[in-house]
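Pasted below: target.tsv, TSV, C-alpha atoms.
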chain	number	residue	atom	x	y	z
K	1	MET	CA	148.98	12.19	16.78
K	2	SER	CA	146.16	12.77	19.29
K	3	CYS	CA	143.55	12.91	16.53
K	4	ARG	CA	143.34	11.44	13.03
K	5	LEU	CA	140.74	11.87	10.30
K	6	ALA	CA	139.72	9.71	7.34
K	7	ARG	CA	137.12	10.17	4.62
K	8	LYS	CA	134.07	7.95	4.82
K	9	GLU	CA	131.15	7.34	2.46
K	10	ILE	CA	127.95	9.01	3.64
K	11	GLU	CA	125.95	5.78	3.54
K	12	ALA	CA	128.63	4.07	5.67
K	13	ILE	CA	128.11	6.47	8.60
K	14	LYS	CA	127.07	4.41	11.62
K	15	PRO	CA	123.50	4.55	13.01
K	16	THR	CA	123.14	7.04	15.84
K	17	ASN	CA	120.56	8.62	18.12
K	18	ILE	CA	121.66	12.01	16.79
K	19	LEU	CA	119.35	12.48	13.80
K	20	PRO	CA	121.34	15.31	12.10
K	21	GLN	CA	124.42	13.05	12.08
K	22	THR	CA	122.86	10.27	9.98
K	23	PRO	CA	123.09	9.37	6.26
K	24	PHE	CA	119.38	10.27	6.12
K	25	TRP	CA	120.14	13.87	7.13
K	26	GLY	CA	122.93	14.01	4.57
K	27	ARG	CA	120.51	12.96	1.82
K	28	VAL	CA	117.85	15.45	2.91
K	29	LYS	CA	120.35	18.32	3.02
K	30	GLY	CA	121.85	17.20	-0.29
K	31	ASP	CA	118.43	17.83	-1.85
K	32	GLN	CA	118.53	21.33	-0.33
K	33	GLY	CA	121.80	22.39	-1.98
K	34	PHE	CA	124.38	21.21	0.57
K	35	GLN	CA	127.27	18.91	-0.30
K	36	PRO	CA	127.46	16.20	2.40
K	37	LYS	CA	130.82	14.68	3.36
K	38	GLY	CA	131.51	11.89	5.82
K	39	PHE	CA	134.56	11.36	8.03
K	40	GLU	CA	135.76	8.99	10.72
K	41	ILE	CA	137.46	10.58	13.73
K	42	ASN	CA	140.09	8.50	15.52
K	43	VAL	CA	141.01	10.32	18.71
K	44	SER	CA	143.02	9.74	21.85
K	45	LYS	CA	140.74	9.69	24.88
K	46	LYS	CA	143.19	12.03	26.60
K	47	LEU	CA	142.28	14.76	24.10
K	48	LEU	CA	138.68	14.44	25.29
K	49	ASN	CA	139.46	14.00	28.98
K	50	PRO	CA	142.86	14.82	30.57
K	51	ALA	CA	142.30	12.08	33.15
K	52	LYS	CA	142.26	9.35	30.47
K	53	SER	CA	145.23	7.49	29.01
K	54	ALA	CA	146.84	8.79	25.82
K	55	ASP	CA	147.08	5.20	24.59
K	56	GLU	CA	143.31	4.65	24.65
K	57	ARG	CA	141.55	5.67	21.46
K	58	ILE	CA	137.96	6.02	20.31
K	59	LYS	CA	136.42	6.24	16.85
K	60	GLU	CA	133.32	8.15	15.82
K	61	ASP	CA	131.75	9.32	12.54
K	62	VAL	CA	130.94	12.91	11.66
K	63	LEU	CA	128.74	14.37	8.91
K	64	VAL	CA	129.87	17.70	7.44
K	65	LEU	CA	127.71	19.78	5.08
K	66	ILE	CA	129.29	22.23	2.62
K	67	LYS	CA	127.23	25.16	1.34
K	68	TYR	CA	128.27	27.69	-1.31
K	69	ILE	CA	127.13	31.21	-0.47
K	70	ASN	CA	128.25	32.63	-3.85
K	71	ASP	CA	130.33	31.63	-6.88
K	72	THR	CA	133.61	31.98	-5.02
K	73	HIS	CA	133.17	30.99	-1.37
K	74	CYS	CA	131.54	28.37	0.82
K	75	PHE	CA	131.27	27.39	4.48
K	76	ALA	CA	131.11	24.03	6.27
K	77	TYR	CA	128.43	23.08	8.78
K	78	VAL	CA	128.39	20.22	11.29
K	79	PRO	CA	124.78	19.67	12.49
K	80	TYR	CA	124.70	18.47	16.12
K	81	GLY	CA	128.28	17.31	15.80
K	82	PRO	CA	130.81	16.15	16.60
K	83	LYS	CA	129.09	13.55	18.77
K	84	LEU	CA	132.21	12.93	20.88
K	85	GLU	CA	131.86	15.21	23.90
K	86	PRO	CA	135.01	16.30	25.76
K	87	THR	CA	135.13	17.51	29.33
K	88	PHE	CA	134.40	21.24	29.63
K	89	GLU	CA	138.06	22.26	29.84
K	90	ASN	CA	138.99	20.31	26.68
K	91	GLN	CA	136.14	21.33	24.39
K	92	GLY	CA	138.08	24.14	22.70
K	93	VAL	CA	141.26	22.07	22.35
K	94	PHE	CA	139.32	19.26	20.66
K	95	LEU	CA	137.42	21.60	18.31
K	96	GLU	CA	140.64	23.39	17.34
K	97	LYS	CA	142.39	20.12	16.48
K	98	LEU	CA	139.39	18.79	14.58
K	99	SER	CA	138.96	22.06	12.65
K	100	GLU	CA	142.57	22.04	11.49
K	101	LEU	CA	142.28	18.44	10.32
K	102	LEU	CA	138.95	19.01	8.57
K	103	GLY	CA	140.38	22.10	6.88
K	104	ASN	CA	142.67	19.81	4.87
K	105	HIS	CA	139.60	18.11	3.37
K	106	LEU	CA	137.50	21.22	2.71
K	107	PRO	CA	137.62	23.49	-0.37
K	108	THR	CA	140.35	26.13	-0.21
K	109	ASN	CA	137.66	28.80	-0.50
K	110	CYS	CA	135.88	27.60	2.67
K	111	ILE	CA	135.50	30.65	4.91
K	112	PHE	CA	134.72	28.87	8.18
K	113	ILE	CA	133.38	25.71	9.73
K	114	ARG	CA	130.35	25.97	12.02
K	115	TYR	CA	129.67	23.37	14.72
K	116	ASP	CA	126.07	23.18	15.92
K	117	LEU	CA	127.07	21.61	19.22
K	118	MET	CA	124.65	19.30	20.99
K	119	TRP	CA	126.97	19.21	24.02
K	120	GLN	CA	125.45	20.29	27.31
K	121	ASN	CA	125.85	24.03	27.80
K	122	GLN	CA	128.63	24.66	30.30
K	123	TRP	CA	126.82	27.55	31.96
K	124	SER	CA	123.62	25.56	32.49
K	125	GLN	CA	125.45	23.76	35.30
K	126	GLU	CA	126.47	26.90	37.19
K	127	SER	CA	124.24	28.41	39.88
K	128	ASP	CA	125.38	31.95	39.00
K	129	TYR	CA	123.20	31.76	35.89
K	130	PHE	CA	119.95	30.85	37.64
K	131	SER	CA	117.67	33.53	39.09
K	132	ASN	CA	115.85	30.64	40.81
K	133	PRO	CA	116.31	26.85	40.58
K	134	ASP	CA	113.92	26.58	37.60
K	135	PHE	CA	114.84	29.71	35.67
K	136	TRP	CA	118.09	29.53	33.72
K	137	GLN	CA	119.13	32.96	32.51
K	138	GLY	CA	121.18	31.62	29.61
K	139	PRO	CA	124.95	31.81	29.02
K	140	PRO	CA	127.00	35.01	29.47
K	141	GLU	CA	128.00	37.38	26.68
K	142	SER	CA	129.82	35.91	23.70
K	143	ASN	CA	133.24	37.33	24.63
K	144	ILE	CA	133.06	35.62	28.03
K	145	GLN	CA	132.04	32.32	26.44
K	146	GLU	CA	134.86	32.60	23.91
K	147	PHE	CA	137.46	33.26	26.61
K	148	ARG	CA	136.57	30.02	28.39
K	149	ILE	CA	136.28	27.86	25.27
K	150	ASN	CA	139.57	29.09	23.80
K	151	TYR	CA	141.49	28.59	27.04
K	152	LYS	CA	144.31	26.06	26.42
K	153	THR	CA	143.97	26.37	22.61
K	154	ASN	CA	146.91	27.44	20.45
K	155	THR	CA	145.14	29.90	18.16
K	156	TRP	CA	142.24	31.32	20.22
K	157	ASN	CA	140.29	31.13	16.98
K	158	LEU	CA	136.92	29.72	18.10
K	159	ARG	CA	134.04	32.21	17.87
K	160	LYS	CA	130.49	32.08	19.20
K	161	SER	CA	128.24	32.23	16.15
K	162	PRO	CA	125.92	35.24	15.86
K	163	VAL	CA	123.06	32.83	15.08
K	164	ASP	CA	122.00	29.36	16.18
K	165	ILE	CA	120.45	27.00	13.65
K	166	LEU	CA	119.11	23.84	15.30
K	167	PRO	CA	117.25	24.10	18.62
K	168	LYS	CA	119.51	24.93	21.59
K	169	ASN	CA	116.97	23.95	24.26
K	170	THR	CA	114.81	20.87	24.34
K	171	PHE	CA	112.89	18.54	26.61
K	172	LEU	CA	114.16	14.94	26.70
K	173	LEU	CA	112.08	12.06	28.00
K	174	ASN	CA	113.53	8.84	29.41
K	175	LEU	CA	111.49	6.01	27.89
K	176	ASP	CA	112.98	3.34	30.16
K	177	LYS	CA	109.75	3.45	32.17
K	178	THR	CA	106.34	1.82	31.95
K	179	GLU	CA	103.53	3.71	30.29
K	180	ALA	CA	101.94	4.14	33.70
K	181	GLU	CA	105.15	5.69	35.02
K	182	LEU	CA	105.43	8.01	32.02
K	183	LEU	CA	101.86	9.19	32.60
K	184	SER	CA	102.45	9.70	36.31
K	185	ASN	CA	105.49	11.92	35.54
K	186	MET	CA	103.36	14.27	33.47
K	187	ARG	CA	101.68	17.36	34.79
K	188	TYR	CA	98.08	16.79	35.89
K	189	ASN	CA	96.67	19.01	33.11
K	190	THR	CA	98.58	17.06	30.44
K	191	ARG	CA	97.28	13.70	31.65
K	192	TYR	CA	93.78	15.14	31.85
K	193	ASN	CA	93.96	16.49	28.28
K	194	ILE	CA	95.21	13.15	26.92
K	195	ARG	CA	92.34	11.27	28.55
K	196	ARG	CA	89.81	13.89	27.50
K	197	ALA	CA	90.93	13.65	23.86
K	198	ASN	CA	90.65	9.87	23.88
K	199	LYS	CA	87.22	9.90	25.54
K	200	GLN	CA	85.87	12.39	23.01
K	201	GLY	CA	86.84	10.23	20.06
K	202	ILE	CA	90.17	11.57	18.79
K	203	SER	CA	91.74	8.92	16.57
K	204	ILE	CA	95.50	8.72	15.87
K	205	LYS	CA	96.75	6.91	12.76
K	206	GLU	CA	99.92	6.73	10.69
K	207	TYR	CA	99.67	7.92	7.07
K	208	GLY	CA	101.93	7.69	4.03
K	209	ILE	CA	103.17	10.22	1.53
K	210	GLU	CA	99.82	10.12	-0.28
K	211	HIS	CA	98.46	12.28	2.57
K	212	ILE	CA	101.25	14.85	2.45
K	213	CYS	CA	98.79	17.48	1.20
K	214	ASP	CA	96.67	17.01	4.36
K	215	TRP	CA	99.78	17.46	6.49
K	216	TYR	CA	100.79	20.52	4.51
K	217	LYS	CA	97.46	22.25	5.00
K	218	LEU	CA	97.76	21.94	8.77
K	219	TYR	CA	101.45	22.88	8.66
K	220	SER	CA	101.01	26.01	6.52
K	221	ASP	CA	98.14	27.23	8.71
K	222	THR	CA	100.33	26.73	11.80
K	223	ALA	CA	103.38	28.41	10.26
K	224	ILE	CA	101.39	31.47	9.20
K	225	ARG	CA	99.66	31.65	12.58
K	226	HIS	CA	102.97	31.63	14.47
K	227	ASN	CA	104.97	33.66	11.92
K	228	ILE	CA	107.33	30.75	11.17
K	229	PRO	CA	109.25	30.62	7.84
K	230	LEU	CA	107.22	28.45	5.46
K	231	GLN	CA	108.77	25.36	3.84
K	232	SER	CA	107.36	23.91	0.62
K	233	GLU	CA	105.25	20.77	0.37
K	234	GLU	CA	108.07	19.19	-1.65
K	235	TYR	CA	110.43	19.77	1.29
K	236	PHE	CA	108.35	17.41	3.44
K	237	ALA	CA	107.83	14.92	0.62
K	238	ASN	CA	111.62	14.68	0.31
K	239	ILE	CA	111.89	13.85	3.99
K	240	PHE	CA	109.63	10.86	3.35
K	241	ARG	CA	111.55	9.77	0.24
K	242	ASN	CA	114.94	9.91	1.96
K	243	GLN	CA	114.11	7.69	4.92
K	244	ASP	CA	115.94	4.38	5.19
K	245	ASN	CA	114.55	1.02	4.20
K	246	ARG	CA	117.09	-0.91	6.28
K	247	GLU	CA	116.19	-2.02	9.79
K	248	ASN	CA	118.75	0.07	11.70
K	249	GLY	CA	118.28	3.25	9.68
K	250	VAL	CA	116.07	6.33	10.08
K	251	HIS	CA	112.32	5.83	9.82
K	252	ILE	CA	109.62	8.50	9.41
K	253	LYS	CA	106.10	8.22	10.74
K	254	MET	CA	103.57	10.89	9.80
K	255	LEU	CA	100.91	10.70	12.50
K	256	MET	CA	97.61	12.51	12.22
K	257	ALA	CA	94.81	13.07	14.72
K	258	ASP	CA	91.29	13.22	13.35
K	259	PHE	CA	87.78	13.67	14.67
K	260	ASP	CA	84.91	12.43	12.53
K	261	GLY	CA	87.17	12.45	9.45
K	262	GLU	CA	88.56	15.95	10.05
K	263	PHE	CA	92.31	16.25	10.64
K	264	LEU	CA	93.01	18.41	13.69
K	265	ALA	CA	96.73	17.83	14.35
K	266	SER	CA	99.70	16.11	12.76
K	267	MET	CA	103.38	15.47	13.37
K	268	PHE	CA	106.51	13.90	11.91
K	269	LEU	CA	107.92	11.33	14.34
K	270	VAL	CA	111.46	10.33	13.38
K	271	LEU	CA	112.99	7.14	14.78
K	272	SER	CA	116.79	6.96	14.73
K	273	LYS	CA	118.50	4.10	16.56
K	274	ASN	CA	117.36	4.50	20.21
K	275	ARG	CA	115.78	7.94	20.00
K	276	GLY	CA	112.41	9.20	18.81
K	277	THR	CA	112.28	12.85	17.72
K	278	TYR	CA	109.25	15.11	17.41
K	279	LEU	CA	110.66	16.81	14.33
K	280	TYR	CA	107.68	18.80	13.02
K	281	GLY	CA	104.21	19.45	14.35
K	282	ALA	CA	101.08	21.22	13.16
K	283	SER	CA	97.54	21.80	14.39
K	284	SER	CA	94.23	23.33	13.39
K	285	THR	CA	92.51	26.20	15.16
K	286	GLU	CA	89.27	24.24	14.91
K	287	LYS	CA	87.91	22.21	17.84
K	288	ASN	CA	90.75	23.11	20.21
K	289	ASN	CA	88.61	21.89	23.10
K	290	LEU	CA	89.18	18.29	21.91
K	291	MET	CA	92.90	18.46	22.81
K	292	ALA	CA	93.96	16.49	19.73
K	293	SER	CA	97.65	17.53	19.96
K	294	TYR	CA	97.91	15.96	23.44
K	295	ALA	CA	96.60	12.60	22.28
K	296	LEU	CA	98.88	12.82	19.24
K	297	GLN	CA	102.02	13.47	21.28
K	298	TRP	CA	101.23	10.69	23.73
K	299	GLU	CA	100.70	8.20	20.90
K	300	ALA	CA	104.05	9.24	19.36
K	301	ILE	CA	105.77	8.60	22.70
K	302	ARG	CA	104.10	5.18	22.94
K	303	ILE	CA	105.14	4.30	19.37
K	304	ALA	CA	108.75	5.35	20.04
K	305	LYS	CA	108.81	3.20	23.18
K	306	LYS	CA	107.38	0.16	21.35
K	307	TRP	CA	109.95	0.70	18.57
K	308	GLY	CA	112.67	0.19	21.17
K	309	CYS	CA	113.66	3.80	21.75
K	310	THR	CA	114.99	4.74	25.18
K	311	GLU	CA	114.85	8.54	24.60
K	312	TYR	CA	112.33	10.98	23.19
K	313	ASP	CA	113.43	14.41	21.99
K	314	MET	CA	110.81	17.18	21.90
K	315	PHE	CA	113.20	19.10	19.60
K	316	GLY	CA	112.97	22.71	20.70
K	317	SER	CA	111.59	24.93	23.46
K	318	ALA	CA	112.24	28.19	25.26
K	319	PRO	CA	115.24	28.12	27.66
K	320	ASN	CA	113.07	29.03	30.65
K	321	LEU	CA	109.57	30.13	31.69
K	322	ASP	CA	109.90	33.72	30.48
K	323	ARG	CA	106.38	34.66	29.35
K	324	MET	CA	107.80	37.07	26.76
K	325	HIS	CA	109.75	34.38	24.93
K	326	PRO	CA	108.16	33.50	21.54
K	327	LEU	CA	108.31	29.80	22.42
K	328	HIS	CA	106.71	30.19	25.86
K	329	GLY	CA	103.51	28.38	24.84
K	330	VAL	CA	105.51	25.58	23.19
K	331	HIS	CA	107.64	25.31	26.34
K	332	ILE	CA	104.58	24.91	28.61
K	333	TYR	CA	103.04	22.30	26.30
K	334	LYS	CA	106.21	20.19	26.06
K	335	LYS	CA	107.14	20.58	29.73
K	336	GLY	CA	103.82	19.01	30.63
K	337	PHE	CA	104.91	15.62	29.25
K	338	GLY	CA	107.41	15.18	32.07
K	339	GLY	CA	110.81	15.40	30.38
K	340	TYR	CA	113.86	17.25	31.65
K	341	LEU	CA	115.06	20.49	30.07
K	342	TYR	CA	118.41	20.15	28.30
K	343	HIS	CA	120.47	23.17	27.20
K	344	ARG	CA	122.94	22.75	24.32
K	345	MET	CA	126.03	24.79	23.49
K	346	GLY	CA	124.63	26.02	20.17
K	347	CYS	CA	126.68	27.15	17.18
K	348	TRP	CA	130.44	27.82	17.27
K	349	ASP	CA	132.63	28.88	14.36
K	350	TYR	CA	136.26	28.27	13.43
K	351	PRO	CA	137.26	30.78	10.71
K	352	TYR	CA	139.73	29.85	7.98
K	353	LEU	CA	139.53	33.18	6.11
K	354	SER	CA	139.33	35.91	8.76
K	355	GLU	CA	138.34	38.95	6.69
K	356	GLU	CA	135.60	37.14	4.81
K	357	TYR	CA	134.33	35.61	8.06
K	358	GLU	CA	134.03	38.98	9.78
K	359	MET	CA	131.91	40.28	6.90
K	360	ILE	CA	129.56	37.30	7.12
K	361	LYS	CA	129.38	37.58	10.91
K	362	MET	CA	128.38	41.25	10.68
K	363	LYS	CA	125.69	40.43	8.12
K	364	GLU	CA	124.24	37.59	10.23
K	365	ALA	CA	124.26	39.72	13.38
K	366	SER	CA	122.30	42.48	11.64
K	367	ASN	CA	119.55	40.20	10.35
Represent the structure contained in this file as structure tokens.
Amino acid sequence: MSCRLARKEIEAIKPTNILPQTPFWGRVKGDQGFQPKGFEINVSKKLLNPAKSADERIKEDVLVLIKYINDTHCFAYVPYGPKLEPTFENQGVFLEKLSELLGNHLPTNCIFIRYDLMWQNQWSQESDYFSNPDFWQGPPESNIQEFRINYKTNTWNLRKSPVDILPKNTFLLNLDKTEAELLSNMRYNTRYNIRRANKQGISIKEYGIEHICDWYKLYSDTAIRHNIPLQSEEYFANIFRNQDNRENGVHIKMLMADFDGEFLASMFLVLSKNRGTYLYGASSTEKNNLMASYALQWEAIRIAKKWGCTEYDMFGSAPNLDRMHPLHGVHIYKKGFGGYLYHRMGCWDYPYLSEEYEMIKMKEASN
């Protein structure tokens, strides 16, 4: 067989840069009502790349989350997985094979499996989708995407999801540079704001769960200000509780910027293997002229580098510089730190129960 699958204990999933594919993420989502399951994929390299030998094989772990939507049906969700990334022409073939194998391990009432693919978006590499070199227009309509992805598959059953869950666009920083080089790669205004914040007395420190209420005040103010769905304070406390104690696991650092004892900005920095991730951020509307969020972000980058990380994920931005996009301001802020913009494939579905899936798809599309 070109691909084999075996069950694996969640805590035995190997450390990875991909935060949503860690035991930590499985524990966090377990507290939120998902049922996490772990698997090991054993696949022929030829299934991933036609130019490779069929005799060569590669193994990789995958975390799958099962969620019941009512008393009778559920769906499966693979956050930023699978990590194995085929060549463009084999992506659909690989997902089809994997979906059929996973279906044997999922409940019989599972309507579909949804892959939140972190793979590079195929259309982000094609000049036809750029109005200028720096302005990606995004992928084509869903039916065009589906035609390409399903090419060479047996069932033509892969569907572009009507919604995307985890960020599809992000800025990634290469930390294999000196601090001086990282600063020089930033935009002038970003460097200026970092130095201004430091000169004016902004202090950055790491705090424990005992300060979760201070974080939550900044976070709730930010969420309301930007019309973002509000999570509970317990949600963030659980993130702290579920971090790993072992050396090669996931570690959480809650960093806060203060001025004369007043917290002005805060963030959750997550360290997973060789990647630091800016998972959540919050800021006050007070004393904006002190540029606390710039000093905070720079300190997080420095901490990730000292920890041994080689990558830093800003975890979400607009796909381009469209001023009308709701994340335009976030995009400008994150772009200033000198990373490169990476576009992911987003969510793709493989239905097991077609009629039920179409009903869910219609409901999601209307929301």
Would you compute the box with edges along x, y and z of the file around region 190-195 of chain K, including every atom the file lists for it and 8 Å extra on each side, and give its centre and edge lengths in Å to one decimal, as lines of an AutoDock Vina configuration file?
center_x = 95.5
center_y = 14.2
center_z = 29.4
size_x = 22.2
size_y = 21.8
size_z = 20.9
Choose the residue, out of K:Pro326, K:Gly316, K:Gly26, K:Gly33, that has the smallest atom-to-atom separation from Leu341 (chain K); count all atoms listed in the file.
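The closest residue to Leu341 (chain K) is K:Gly316.
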Quick one, how far is CA of Leu48 (chain K) from CA of Asn90 (chain K)?
6.0 Å
Which neighbours of Gly81 (chain K) fall inside 8 Å, counting all atoms listed in the file, when residues of the same chain fewer than 6 positions from it are skipped, and could you give them as a list of chain:residue names?
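Selected residues are K:Gln21, K:Val62, K:Leu63, K:Tyr115, K:Asp116, K:Leu117, K:Met118.
The residue set within 10 Å of Leu271 (chain K), counting all atoms listed in the file and dropping same-chain residues fewer than 4 places from it, reads Asn17, Leu19, Gln243, Asn248, Gly249, Val250, His251, Ile252, Lys253, Arg275, Gly276, Thr277, Tyr278, Leu279, Ile303, Ala304, Trp307, Gly308, Cys309 and Tyr312 of chain K.
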Nearby residues (only C-alpha atoms) at most 6 Å from region 64-69 of chain K, same-chain spacing under 6 positions excluded, as JSON, numbers by chain:
{"K": [34, 35, 36, 37, 75, 76, 77, 78]}
Would you save the residues of that selection, restricted to C-alpha atoms, as a tab-separated table (two decimals), in the frame of the given file?
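Result file follows (selection37.tsv):
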chain	number	residue	atom	x	y	z
K	34	PHE	CA	124.38	21.21	0.57
K	35	GLN	CA	127.27	18.91	-0.30
K	36	PRO	CA	127.46	16.20	2.40
K	37	LYS	CA	130.82	14.68	3.36
K	75	PHE	CA	131.27	27.39	4.48
K	76	ALA	CA	131.11	24.03	6.27
K	77	TYR	CA	128.43	23.08	8.78
K	78	VAL	CA	128.39	20.22	11.29
Please determine, counting all atoms listed in the file, which residue among K:Ser284, K:Asn154, K:Pro140, K:Pro351 has the shortest atom-to-atom distance to Gly103 (chain K).
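Closest residue, counting all atoms listed in the file: K:Pro351.
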Can you pull out the residues contacting Leu98 (chain K)? Cut-off 10 Å, using only C-alpha atoms, and skip same-chain residues under 6 positions away; I want them as JSON, numbers by chain.
{"K": [3, 4, 5, 41, 43, 82, 92]}
Expected file contents, prior selection, C-alpha atoms, as a CSV table (one decimal), keeping the file's coordinate frame:
chain,number,residue,atom,x,y,z
K,3,CYS,CA,143.6,12.9,16.5
K,4,ARG,CA,143.3,11.4,13.0
K,5,LEU,CA,140.7,11.9,10.3
K,41,ILE,CA,137.5,10.6,13.7
K,43,VAL,CA,141.0,10.3,18.7
K,82,PRO,CA,130.8,16.2,16.6
K,92,GLY,CA,138.1,24.1,22.7
Can you pull out the residues contacting region 158-160 of chain K? Cut-off 10 Å, using only C-alpha atoms, and skip same-chain residues under 2 positions away; I want them as a PyMOL selection string.
chain K and resi 92-93+95-96+99+113-115+141-147+149-150+153+155-156+162-164+345-351+361
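Minimum atom-to-atom distances from K:Thr222, K:Asn185, K:Thr72, K:Ser53 to Tyr340 (chain K) were compared using all atoms listed in the file, and the lowest value belongs to K:Asn185.
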Point-to-point distance from CA of Tyr352 (chain K) to CA of Ile111 (chain K), Å rounded to tenths:
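Taking CA of Tyr352 (chain K) as the start and CA of Ile111 (chain K) as the end point, the length is 5.3 Å.
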To one decimal in Å, tell me the separation between CA of Ala282 (chain K) and CA of Leu296 (chain K).
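Rounded to one decimal, the two atoms are 10.6 Å apart.
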Identify which of the residues K:Ala295, K:Arg344, K:Asp313, K:Arg191 lies closest to Ser272 (chain K), counting all atoms listed in the file when measuring atom-to-atom distances.
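Using all atoms listed in the file, Ser272 (chain K) sits closest to K:Asp313.
Among the candidates K:Thr190, K:Ser232, K:Thr87, K:Ser220, the residue lying nearest to Tyr333 (chain K) is K:Thr190 (atoms considered: all atoms listed in the file).
Using only C-alpha atoms, the smallest distance between any of K:Arg57, K:His226, K:His73, K:Arg148 and Glu356 (chain K) comes from K:His73.
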Please write all heavy atoms of region 32-38 of chain K, from the structure given just now, as a JSON list (two decimals), in the first residue's frame.
[["chain", "number", "residue", "atom", "x", "y", "z"],
["K", 32, "GLN", "N", -12.16, 21.93, 25.45],
["K", 32, "GLN", "CA", -13.18, 22.72, 24.77],
["K", 32, "GLN", "C", -14.25, 21.85, 24.10],
["K", 32, "GLN", "O", -15.05, 22.35, 23.31],
["K", 32, "GLN", "CB", -12.52, 23.62, 23.72],
["K", 32, "GLN", "CG", -11.59, 24.66, 24.32],
["K", 32, "GLN", "CD", -10.78, 25.40, 23.26],
["K", 32, "GLN", "OE1", -11.10, 25.37, 22.08],
["K", 32, "GLN", "NE2", -9.72, 26.07, 23.68],
["K", 33, "GLY", "N", -14.27, 20.56, 24.41],
["K", 33, "GLY", "CA", -15.33, 19.69, 23.91],
["K", 33, "GLY", "C", -14.97, 18.84, 22.71],
["K", 33, "GLY", "O", -15.83, 18.10, 22.20],
["K", 34, "PHE", "N", -13.73, 18.91, 22.23],
["K", 34, "PHE", "CA", -13.29, 18.04, 21.14],
["K", 34, "PHE", "C", -12.76, 16.73, 21.72],
["K", 34, "PHE", "O", -12.31, 16.68, 22.86],
["K", 34, "PHE", "CB", -12.19, 18.70, 20.31],
["K", 34, "PHE", "CG", -12.65, 19.84, 19.45],
["K", 34, "PHE", "CD1", -12.74, 21.13, 19.97],
["K", 34, "PHE", "CD2", -12.99, 19.64, 18.12],
["K", 34, "PHE", "CE1", -13.16, 22.19, 19.18],
["K", 34, "PHE", "CE2", -13.40, 20.69, 17.31],
["K", 34, "PHE", "CZ", -13.49, 21.97, 17.84],
["K", 35, "GLN", "N", -12.78, 15.69, 20.90],
["K", 35, "GLN", "CA", -12.17, 14.41, 21.26],
["K", 35, "GLN", "C", -10.91, 14.23, 20.42],
["K", 35, "GLN", "O", -10.98, 13.98, 19.22],
["K", 35, "GLN", "CB", -13.14, 13.26, 20.99],
["K", 35, "GLN", "CG", -14.41, 13.31, 21.80],
["K", 35, "GLN", "CD", -15.38, 12.21, 21.41],
["K", 35, "GLN", "OE1", -15.04, 11.27, 20.69],
["K", 35, "GLN", "NE2", -16.61, 12.31, 21.89],
["K", 36, "PRO", "N", -9.72, 14.41, 21.01],
["K", 36, "PRO", "CA", -8.48, 14.30, 20.23],
["K", 36, "PRO", "C", -8.09, 12.86, 19.98],
["K", 36, "PRO", "O", -8.22, 12.00, 20.86],
["K", 36, "PRO", "CB", -7.45, 15.02, 21.11],
["K", 36, "PRO", "CG", -7.98, 14.87, 22.50],
["K", 36, "PRO", "CD", -9.48, 14.84, 22.41],
["K", 37, "LYS", "N", -7.61, 12.58, 18.78],
["K", 37, "LYS", "CA", -7.09, 11.26, 18.42],
["K", 37, "LYS", "C", -5.77, 11.44, 17.69],
["K", 37, "LYS", "O", -5.60, 12.36, 16.89],
["K", 37, "LYS", "CB", -8.08, 10.51, 17.51],
["K", 37, "LYS", "CG", -9.38, 10.07, 18.21],
["K", 37, "LYS", "CD", -10.26, 9.28, 17.26],
["K", 37, "LYS", "CE", -11.55, 8.84, 17.94],
["K", 37, "LYS", "NZ", -11.30, 7.87, 19.03],
["K", 38, "GLY", "N", -4.83, 10.55, 17.97],
["K", 38, "GLY", "CA", -3.53, 10.60, 17.33],
["K", 38, "GLY", "C", -3.31, 9.43, 16.39],
["K", 38, "GLY", "O", -3.80, 8.32, 16.65]]
